[in-house]
Structures are given as C-alpha cells and as structure tokens.
Amino acid sequence: MAKFNFNLRNPGKLSVCPIYLIIRYSNLKLVYPTGERMPPEFWNKSNQRAKIIKSYPDGTYLNERLGEIERTAMTVVRTFSLDNDGSVPSISELRKELDIAFGKEVNLKGLSFFDFIEKFIEEAPLRTNLSTGKPLSRGTLQIYKHTYTLLKEYSQYRKVVLDFRDINQDFYYDFVEFLKLHRELSNNTIGKHIRTIKVFLNDATERGVNKYLSYRSKKFRLESEYNEKIYLTEKELDEIFKTDFSDLKRLDRVRDLFLVGCWTGLRFSDLAKLNETNLDEGYLKIRTQKTDEEVIIPIHPVVQEILDKYKSEFLPNVISNAKMNAYLKEVMIRIPSLVEPINRKVTKSGRVIVEKARKCDLVTVHTARRSFATNQYLSGFPTISIMKITGHRTESSFLEYIKVTPKENAELLKKHWEDQIKAI
C-alpha cells in the first residue's frame with residue numbers, strides 16, 4: 001500500500017520553503033513538488049501540516065490544499081493499479097500521471113529543447129536517485145548545469161538553434177568534436193556529458209515532449225579512456241605535512257585541509273561541512289552528503305595537530321573545488337619527491353601507452369580520498385571496514401578505486417605470510 005507524506009525542503013536554510021509530497025510504494029519513492037511554499041516556523045512536523053495559529057492566517061487554506069493534493073495522488077495511484085491489472089507504476093510513470101492530474105503535463109507540450117532542459121534542471125532538486133531513493137547530490141545537479149552550458153556554447157559556436165529533432169548521430173559526432181577541439185575535454189569528461197544529454201532526452205521522451213529517438217542508438221556513446229590515477233604514500237603525506245608554508249597562508253590552509261582528507265577519506269563535500277559538532281571523544285562523526293549514512297572516523301594524529309592549529313576556527317574554510325585544485329598544484333610542486341617524473345598509463349587514440357609525468361601535476365582534491373583508501377588497504381586494514389568509511393557498496397568497486405602496483409600487492413602478500421609464520 002502506498003504511503004503519502006509531506007515535507008519541507010531545506011527548512012533550516014530558507015525563510016520560505018517549498019513543500020513536496022513523498023510517495024512510498026513497492027520499495028520505490030517519488031519526491032514530487034506540490035507548488036506550495038510556506039515559512040518553516042509555521043510547519044507542524046508531526047502531522048505534516050501547517051499550524052493553525054493567528055500569526056499564520058494562511059494555514060487553514062494551505063492544509064485544505066495539501067489535503068486535495070494527497071487525495072488526488074491517492075486516486076492516481078489507485079486508478080493506475082485498476083487500469084493495469086494491479087501493477088504499480090514506475091517512478092517516471094507515476095510522475096507523468098501526477099503531472100497530468102495536476103495540469104502540469106499540458107505546460108510541457110511544445111517546449112523547445114533548451115526550455116525543457118531549463119525546466120528539468122529547475123525540478124532536479126526535488127528528484128530522487130532511483131538507485132538510492134535519496135535526493136540527487138549537489139555534484140549531479142552541477143553536472144546537469146554544466147552540460148546545459150556546453151550545449152548553449154555549442155549552439156552559439158555553430159550558430160544553430162538546437163531542438164529535439166536535431167539530436168541525432170550527426171549532432172553527436174559534431175558535438176564530440178567541439179568538446180575535444182574547442183574545450184579540450186577528455187573522452188571521460190565528454191562521455192559524462194553525453195550520458196547527461198541522454199538523461200534529459202529520456203525524461204523528455206517519457207513525458208511525451210520528445211519523439212525523436214536517434215539518441216538511443218548504440219553509437220550515441222563514447223568509450224571511456226584509461227587514465228591511471230595516482231595516490232600519495234604515507235611517506236609522501238608526511239613530507240607534505242612537514243613542509244613549511246608559513247610564507248603563503250593560502251597554500252598553508254589548502255595543504256592542511258587536503259591532509260585532513262587524506263587521513264579521513266571524506267569527500268570534498270563532507271569536508272566542507274565539518275565543524276566542532278562533529279567531534280566526539282577522539283572521533284569525527286558525520287552524516288555523509290552523498291549516501292546519507294553516519295560515518296565515524298578516529299582522529300589521526302596529523303588531523304589532531306591541524307585541529308589544534310586552528311582551534312576555534314576548527315578547520316580552514318573550504319574554497320571552490322576548482323580553486324583548491326589550482327592551489328594544490330602550487331603546494332605539490334614544493335615537495336621534492338613529487339617533482340620526480342613517474343611512468344603513467346594513459347589512453348590516446350584508443351591505445352594504452354606509458355608516458356612520463358610529474359606526480360605534483362596529477363594531484364587533485366580527490367587524490368586525498370584515494371590516498372586514504374589505498375594506504376589503509378596496504379596497511380592490512382580490513383577492506384570491509386575501509387568501505388564503511390569510504391562508502392563503497394561493493395568490494396569490486398572498491399578494489400577498482402584503490403591504486404596498488406603489482407609490487408605493492410606482492411609486498412602485501414609477503415607481509416601476510418610473515419605475520420602467519422610469526423603467529424605459529
């Protein structure tokens with residue numbers, strides 16, 4: 001049986017919050033915008049309705065409206081089941097039926113390609129990840145916006161007005177060429193934007209806005225390239241920690257924040273949220289943004305020294321991902337061991353080749369999290385326990401994530417055998 005609830009979005013951040021309807025049924029969850037808004041201080045969380053008080057005269061009307069919305073949604077679910085031999089709708093089917101019931105579907109008809117994407121992005125914060133049932137992450141929303149920006153740039157560069165009928169194989173080849181030559185993007189990044197375009201088009205097709213299906217061709221995709229990712233060893237992390245950056249405070253602060261990531265395994269988005277409320281008797285406790293799961297991490301001595309350094313400030317303020325990556329390049333070039341060239345496998349023109357590169361040029365914000373996972377794995381710490389911190393759901397995806405050379409694997413096995421002999 002379906003369950004219907006109402007919730008406010010971001011009640012702690014907005015003075016007037018949108019109200020959305022949550023429908024749970026058959027292990028599925030749809031978050032649907034009601035179009036209604038209200039100040040969060042007048043919301044009664046226990047009965048999921050507005051408070052009926054003199055200081056909020058709109059409460060009675062709003063509650064009547066929410067009642068109407070709930071009854072309509074119940075009718076939609078029941079009618080779908082009756083019309084389809086008792087089967088339940090998919091999330092996209094239910095959203096479409098609700099759009100029709102509330103008169104929204106009519107508004108989508110005739111929307112241009114770009115107008116539809118704008119509406120899609122506008123609605124995206126209220127959508128859920130179908131695999132997790134949780135709201136879409138900030139990173140996903142940023143990808144949507146970036147893909148839209150690139151499509152607009154392409155349209156202006158080619159002096160064409162794109163519409164649904166134009167998104168065919170010819171567009172695909174030309175758009176990929178544009179991103180490679182004029183934006184100098186890698187195949188992996190281009191592939192990410194192609195996948196996002198298909199997300200837009202799938203939604204438009206399901207909602208009856210698009211009828212052109214060339215984008216579903218198997219050729220409408222880009223093979224990913226293999227680019228060997230690096231991690232920093234514990235010895236290299238110690239060298240970074242001991243390097244004096246007092247002459248440049250901005251680099252000093254970026255270095256410290258990066259090291260916290262290296263010894264906690266937290267994502268950049270979670271580092272940005274850390275404050276003194278996350279401290280708990282020698283541990284850091286945080287509910288991660290991406291998976292919405294509580295993670296408990298012991299405070300490493302390096303992290304403790306950094307916390308002591310900033311005291312009331314707790315940690316340096318997090319800057320943008322792009323700016324932090326730029327500053328990290330300046331930090332790492334000061335570390336002698338990272339300036340030495342290393343061999344790195346990359347894909348060029350479909351072939352995996354080995355090229356020389358400096359480790360200092362390859363470090364990014366995400367290197368911190370990869371370094372944590374790899375170093376803990378090499379130390380012999382149980383894989384399942386590391387995954388509890390990194391948030392990897394399967395061991396196979398975790399093992400693809402860590403970066404261990406054949407020699408390091410051999411040394412790990414050697415140490416395992418030595419420990420077994422000592423235990424006899």
# chains A, B, ... in the order shown; residues from 1 in each chain; ligands from 1
call {"tool": "select_by_dssp", "arguments": {"residues": "range 90-299 of chain A", "states": "strand (DSSP E or B)", "output": "count of residues only"}}
result
14
call {"tool": "residues_around", "arguments": {"residues": "range 65-75 of chain A", "least_positions_apart": "6", "cutoff": "8 Å", "atoms": "only C-alpha atoms", "output": "VMD selection string"}}
result
chain A and resid 4 21 34 49 98 101
call {"tool": "atom_distance", "arguments": {"atom1": "CA of Val254 in chain A", "atom2": "CA of Met324 in chain A"}}
result
6.7 Å
call {"tool": "select_by_dssp", "arguments": {"residues": "range 152-297 of chain A", "states": "helix (DSSP H, G or I)", "output": "MDAnalysis selection string"}}
result
chainID A and resid 152:158 164:166 169:181 187:206 214:216 234:242 249:262 268:271 276:278
call {"tool": "residues_around", "arguments": {"residues": "range 258-270 of chain A", "least_positions_apart": "3", "cutoff": "8 Å", "atoms": "only C-alpha atoms", "output": "MDAnalysis selection string"}}
result
chainID A and resid 237 241 254:255 273:274 286 288:289 297 299:300 302:303 306 321 365:373 389:390
call {"tool": "closest_residue", "arguments": {"among": "A:Arg216, A:Lys388, A:Arg334, A:Lys198", "to": "Glu294 in chain A", "atoms": "only C-alpha atoms"}}
result
A:Lys388
call {"tool": "residues_around", "arguments": {"residues": "Arg358 in chain A", "least_positions_apart": "5", "cutoff": "12 Å", "atoms": "only C-alpha atoms", "output": "list of chain:residue names"}}
result
A:Ile230, A:Lys329, A:Met332, A:Ile333, A:Ile335, A:Pro336, A:Ser337, A:Leu338, A:Val339, A:Glu340, A:Pro341, A:Ile342, A:Asn343, A:Arg344, A:Val363
call {"tool": "residues_around", "arguments": {"residues": "range 134-141 of chain A", "least_positions_apart": "3", "cutoff": "10 Å", "atoms": "only C-alpha atoms", "output": "PyMOL selection string"}}
result
chain A and resi 29-31+121-122+124-131+144-146+196+269+289-292
call {"tool": "residues_around", "arguments": {"residues": "Pro298 in chain A", "least_positions_apart": "2", "cutoff": "8 Å", "atoms": "only C-alpha atoms", "output": "number ranges by chain"}}
result
A: 282-284, 296, 300
call {"tool": "closest_residue", "arguments": {"among": "A:Val16, A:Ala50, A:Ala204, A:Val346", "to": "Glu228 in chain A", "atoms": "only C-alpha atoms"}}
result
A:Val346
call {"tool": "closest_residue", "arguments": {"among": "A:Phe245, A:Gly380, A:Asn168, A:Val295", "to": "Asn409 in chain A", "atoms": "only C-alpha atoms"}}
result
A:Gly380
